[in-house]
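Let me begin by presenting the structure, written as structure tokens, before commenting on it.
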Amino acid sequence: MSEKKYTFIDLFAGAGGLSEGFIRAGFEPIAHIEMKKEACDTLRTRAAFHYLKNENRLDVYKEYLFQKQEKEDGSKLWNQVPKEVIGTVIQSEIGEKTITEIFKKLDQLIGGRKLDLIIGGPPCQAYSVAGRARKGKAMATDPRNELYKFYVQFLDRYKPKMFVFENVLGIKTAKGGEPFRDLQKRVRELDNCNYEIAAVPQIASDFGVLQRRQRMIIIGWRKSDKGKPTKYGHYPNLEEFKIDNQFQTLRDLFSDLPTRIAGDGKLCECVKYTKPISEMTYLKEYGLRNNDFDFTTQHISRPNNLNDREIYCWAIKKFLNEGKQLSYSKDVPSDHQKHKNKETFDNRFSVVNPYGVCHTVVAHIAMDGHYYIYPTLNPTVENVRSITIREAARLQSFPDDYYFEGSRSAAFMQIGNAVPVIMAQKIAEAILKQLTQE
């Protein structure tokens with residue numbers, strides 16, 4: 001790895017999944033910009049973690065987790081690190097009324113340094129198939145459709161060497177592809193930048209994530225700098241960072257966590273692992289378990305009523321016996337069907353594949369959890385449940401020492417909206433390989 005620390009800012013940062021991957025690859029964050037309070041609190045807590053880790057003071061972070069109480073923010077931790085560490089998180093919506101003030105704050109944080117990268121992805125609901133299906137014509141006028149224009153304003157002001165713009169596959173087809181064409185045009189026409197841009201769909205499981213999440217990874221680079229062609233001027237070679245993913249969720253991702261039933265666990269509770277790290281090859285290889293910690297947090301499951309637990313049993317048995325997900329309209333008895341819209345949500349009860357990778361984790365996990373049923377091998381109405389916060393975080397490849405601030409629903413929402421950390425790390429490593437050729 002190069003000795004130089006390449007710098008970046010993260011726009012629309014969410015809980016920091018994309019950023020965490022770049023930090024793991026050796027990049028230095030200058031700022032995170034995010035509008036939601038709970039996600040900003042999580043970013044502040046993570047910034048404190050990285051500071052304390054670098055200072056060999058992780059005992060302070062551990063004590064914070066052990067003493068954490070529900071409905072408390074992270075102030076007890078944030079107050080134990082320099083203010084400038086917490087100040088790297090800018091809580092603000094990105095828009096016409098706020099961008100000037102954001103620029104002022106960023107200019108102060110950047111100081112005289114060179115900003116090497118801009119990363120981030122505007123909220124994707126406006127481009128997603130599910131979002132368009134739910135809101136129909138209303139989605140066409142959703143202001144989130146225009147957020148890419150503000151991303152380009154950051155490129156124009158700071159002129160980084162490269163940028164990463166993560167989004168759903170639908171960004172290329174929404175509104176007949178017009179927003180994506182406009183994004184390309186705006187980027188290529190920026191003064192004194194000479195950017196090129198390319199969009200390539202990527203699947204998270206190809207990089208070692210235990211989730212078949214498909215995303216459009218748009219990357220831009222400067223073709224020339226001060227009149228000279230750049231050596232990093234191309235889309236990164238991600239193929240060499242891909243694997244034949246043979247890991248399994250139940251065996252490799254979940255099996256060292258304590259047993260849970262519906263409604264079990266506490267939001268603020270440290271739980272011991274049930275297996276040593278030596279037995280968890282995947283977690284060790286990909287750095288999800290911290291060697292300095294013999295515990296994790298937020299291993300809490302939702303309560304489920306009897307009706308739902310009975311459906312969970314049928315769903316699990318169908319998946320285990322037939323390898324198929326349950327059809328709400330066909331496989332659930334009418335007396336158990338409590339939802340009128342059977343067509344749109346026919347797959348609303350889905351089981352996490354125990355013997356392969358999971359289907360895509362999305363923000364809807366914050367609503368009920370039915371789409372992420374834990375794959376209990378001997379299901380009964382007493383032991384079935386949906387996945388816990390920590391299990392969802394692992395599916396998104398967040399390390400176990402990552403703490404999500406806010407309520408249970410807020411934590412699920414942050415996780416569902418995130419970029420898988422390992423996928424982000426591999427993208428970052430590929431970009432780093434290019435930049436070090438300068």
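Order determines the names: the first chain of the structure tokens is A, the second B, and so forth; residues in each chain are numbered 1 upward, and ligands are numbered 1 upward as they are shown.
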
Nearby residues (only C-alpha atoms) at most 12 Å from Asp182 in chain A, same-chain spacing under 4 positions excluded, as a ChimeraX atom specification: /A:145-149,152,171-172,174-178,186-189,197

Write the residues of the selection above to a file with C-alpha atoms, as an mmCIF file, in the first residue's frame.
data_model
loop_
_atom_site.group_PDB
_atom_site.id
_atom_site.type_symbol
_atom_site.label_atom_id
_atom_site.label_comp_id
_atom_site.auth_asym_id
_atom_site.auth_seq_id
_atom_site.Cartn_x
_atom_site.Cartn_y
_atom_site.Cartn_z
ATOM 1 C CA ASN A 145 -34.434 12.873 -9.023
ATOM 2 C CA GLU A 146 -32.383 16.077 -9.160
ATOM 3 C CA LEU A 147 -29.783 15.351 -6.485
ATOM 4 C CA TYR A 148 -27.186 14.173 -8.992
ATOM 5 C CA LYS A 149 -26.934 17.787 -10.177
ATOM 6 C CA VAL A 152 -21.751 17.513 -9.991
ATOM 7 C CA ILE A 171 -30.653 5.094 -12.676
ATOM 8 C CA LYS A 172 -29.862 4.225 -16.316
ATOM 9 C CA ALA A 174 -35.550 5.980 -15.067
ATOM 10 C CA LYS A 175 -37.381 8.598 -17.142
ATOM 11 C CA GLY A 176 -36.196 6.898 -20.292
ATOM 12 C CA GLY A 177 -32.575 7.284 -19.216
ATOM 13 C CA GLU A 178 -32.682 11.095 -19.377
ATOM 14 C CA ARG A 186 -22.764 17.659 -16.984
ATOM 15 C CA VAL A 187 -19.674 15.772 -15.803
ATOM 16 C CA ARG A 188 -17.993 15.806 -19.189
ATOM 17 C CA GLU A 189 -18.637 19.508 -19.683
ATOM 18 C CA ILE A 197 -17.377 8.687 -16.733
#

All alpha helix (DSSP H) positions in range 305-428 of chain A, as a ChimeraX atom specification: /A:306-322,328-331,389-395,408-416,421-428

Prev. selection, C-alpha atoms, output as a short mmCIF file (atom, residue, chain, number, x, y, z; two decimals), in the first residue's frame:
data_model
loop_
_atom_site.label_atom_id
_atom_site.label_comp_id
_atom_site.auth_asym_id
_atom_site.auth_seq_id
_atom_site.Cartn_x
_atom_site.Cartn_y
_atom_site.Cartn_z
CA LEU A 306 -48.52 -15.91 16.31
CA ASN A 307 -50.07 -15.40 12.87
CA ASP A 308 -46.78 -14.19 11.42
CA ARG A 309 -44.74 -16.89 13.16
CA GLU A 310 -46.98 -19.56 11.66
CA ILE A 311 -46.37 -18.06 8.21
CA TYR A 312 -42.63 -17.99 9.00
CA CYS A 313 -42.77 -21.74 9.68
CA TRP A 314 -44.43 -22.44 6.35
CA ALA A 315 -42.00 -20.17 4.53
CA ILE A 316 -38.93 -21.82 6.06
CA LYS A 317 -40.18 -25.36 5.42
CA LYS A 318 -40.98 -24.51 1.81
CA PHE A 319 -37.51 -23.06 1.27
CA LEU A 320 -35.72 -25.94 2.98
CA ASN A 321 -37.77 -28.64 1.22
CA GLU A 322 -38.25 -27.07 -2.22
CA TYR A 328 -48.36 -15.06 -0.06
CA SER A 329 -51.39 -15.44 -2.32
CA LYS A 330 -50.98 -19.17 -3.05
CA ASP A 331 -49.25 -20.75 -0.05
CA ILE A 389 -29.88 -5.86 13.70
CA ARG A 390 -26.44 -7.49 13.94
CA GLU A 391 -27.33 -10.21 11.44
CA ALA A 392 -28.58 -7.57 9.00
CA ALA A 393 -25.38 -5.60 9.52
CA ARG A 394 -23.31 -8.70 8.79
CA LEU A 395 -25.26 -9.29 5.58
CA ARG A 408 -34.15 -0.34 16.46
CA SER A 409 -36.06 0.82 13.37
CA ALA A 410 -33.52 3.59 12.73
CA ALA A 411 -30.68 1.05 12.88
CA PHE A 412 -32.43 -1.26 10.41
CA MET A 413 -33.10 1.70 8.10
CA GLN A 414 -29.44 2.77 8.15
CA ILE A 415 -28.30 -0.77 7.41
CA GLY A 416 -30.78 -1.29 4.59
CA VAL A 421 -18.58 -2.44 3.31
CA ILE A 422 -16.59 -5.25 1.69
CA MET A 423 -17.83 -4.30 -1.78
CA ALA A 424 -16.83 -0.69 -1.09
CA GLN A 425 -13.42 -1.83 0.18
CA LYS A 426 -12.67 -3.81 -2.98
CA ILE A 427 -13.70 -0.89 -5.19
CA ALA A 428 -11.45 1.36 -3.07
#

Within 12 Å of Gly111 in chain A using only C-alpha atoms, minus same-chain residues under 6 positions, as an MDAnalysis selection string: chainID A and resid 30:31 103:105 158

Selection to disk with N, CA and C atoms, as a PDB file, in the first residue's frame:
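Result file result-v8.pdb:
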ATOM      1  N   ILE A  30     -12.192  13.198   4.955  1.00  0.00           N
ATOM      2  CA  ILE A  30     -12.141  14.596   5.411  1.00  0.00           C
ATOM      3  C   ILE A  30     -13.492  15.021   5.960  1.00  0.00           C
ATOM      4  N   ALA A  31     -14.567  14.548   5.343  1.00  0.00           N
ATOM      5  CA  ALA A  31     -15.900  14.934   5.802  1.00  0.00           C
ATOM      6  C   ALA A  31     -16.948  13.958   5.301  1.00  0.00           C
ATOM      7  N   PHE A 103     -20.367  24.178   1.413  1.00  0.00           N
ATOM      8  CA  PHE A 103     -19.072  24.488   0.800  1.00  0.00           C
ATOM      9  C   PHE A 103     -18.157  25.219   1.789  1.00  0.00           C
ATOM     10  N   LYS A 104     -18.719  26.144   2.546  1.00  0.00           N
ATOM     11  CA  LYS A 104     -17.920  26.882   3.532  1.00  0.00           C
ATOM     12  C   LYS A 104     -17.309  25.933   4.568  1.00  0.00           C
ATOM     13  N   LYS A 105     -18.150  25.035   5.066  1.00  0.00           N
ATOM     14  CA  LYS A 105     -17.680  24.083   6.080  1.00  0.00           C
ATOM     15  C   LYS A 105     -16.628  23.146   5.491  1.00  0.00           C
ATOM     16  N   TYR A 158     -14.346  21.117  -6.312  1.00  0.00           N
ATOM     17  CA  TYR A 158     -13.154  20.514  -5.703  1.00  0.00           C
ATOM     18  C   TYR A 158     -12.280  19.730  -6.683  1.00  0.00           C
TER      19      TYR A 158
END

A:Leu326, A:Leu43, A:Ala198, A:Leu288 ranked by distance to Phe345 in chain A, top pick (using only C-alpha atoms):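 So, comparing all the options, the nearest one is A:Leu326.
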
Strand (DSSP E) residues, from DSSP on the backbone, in range 178-235 of chain A, as an MDAnalysis selection string: chainID A and resid 195:203 214:222 224:225 228:229

Could the residues in this selection be saved with C-alpha atoms as a PDB file, in the first residue's frame?
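So the final result, stored in out.pdb, reads:
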ATOM      1  CA  TYR A 195     -13.561  14.019 -16.747  1.00  0.00           C
ATOM      2  CA  GLU A 196     -14.660  10.777 -18.330  1.00  0.00           C
ATOM      3  CA  ILE A 197     -17.377   8.687 -16.733  1.00  0.00           C
ATOM      4  CA  ALA A 198     -18.553   5.077 -17.013  1.00  0.00           C
ATOM      5  CA  ALA A 199     -21.276   3.033 -15.340  1.00  0.00           C
ATOM      6  CA  VAL A 200     -20.916  -0.715 -14.751  1.00  0.00           C
ATOM      7  CA  PRO A 201     -23.363  -2.883 -12.776  1.00  0.00           C
ATOM      8  CA  GLN A 202     -21.744  -4.836  -9.954  1.00  0.00           C
ATOM      9  CA  ILE A 203     -22.994  -7.639  -7.692  1.00  0.00           C
ATOM     10  CA  GLN A 214     -26.846  -5.444  -7.536  1.00  0.00           C
ATOM     11  CA  ARG A 215     -25.798  -1.810  -7.838  1.00  0.00           C
ATOM     12  CA  MET A 216     -24.683   0.537 -10.562  1.00  0.00           C
ATOM     13  CA  ILE A 217     -21.171   1.712  -9.764  1.00  0.00           C
ATOM     14  CA  ILE A 218     -20.517   4.903 -11.690  1.00  0.00           C
ATOM     15  CA  ILE A 219     -16.892   6.008 -11.630  1.00  0.00           C
ATOM     16  CA  GLY A 220     -15.325   9.095 -13.118  1.00  0.00           C
ATOM     17  CA  TRP A 221     -11.693  10.052 -13.651  1.00  0.00           C
ATOM     18  CA  ARG A 222      -9.683  12.951 -14.968  1.00  0.00           C
ATOM     19  CA  SER A 224      -5.625  14.748 -18.068  1.00  0.00           C
ATOM     20  CA  ASP A 225      -4.205  17.032 -15.392  1.00  0.00           C
ATOM     21  CA  LYS A 228      -0.727  15.759 -19.209  1.00  0.00           C
ATOM     22  CA  PRO A 229      -2.635  12.443 -19.547  1.00  0.00           C
TER      23      PRO A 229
END

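Here CA of Phe150 in chain A stands at a distance of 13.7 Å from CA of Phe180 in chain A.
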
Long-range neighbours of Glu38 in chain A as a count of residues only, 9 Å cut-off, only C-alpha atoms, 2 positions minimum in chain: 14

A:Met162, A:Ile110, A:Val85, A:Asp400 ranked by distance to Val271 in chain A, top pick (using only C-alpha atoms):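 Nearest candidate to Val271 in chain A out of A:Met162, A:Ile110, A:Val85, A:Asp400: A:Asp400.
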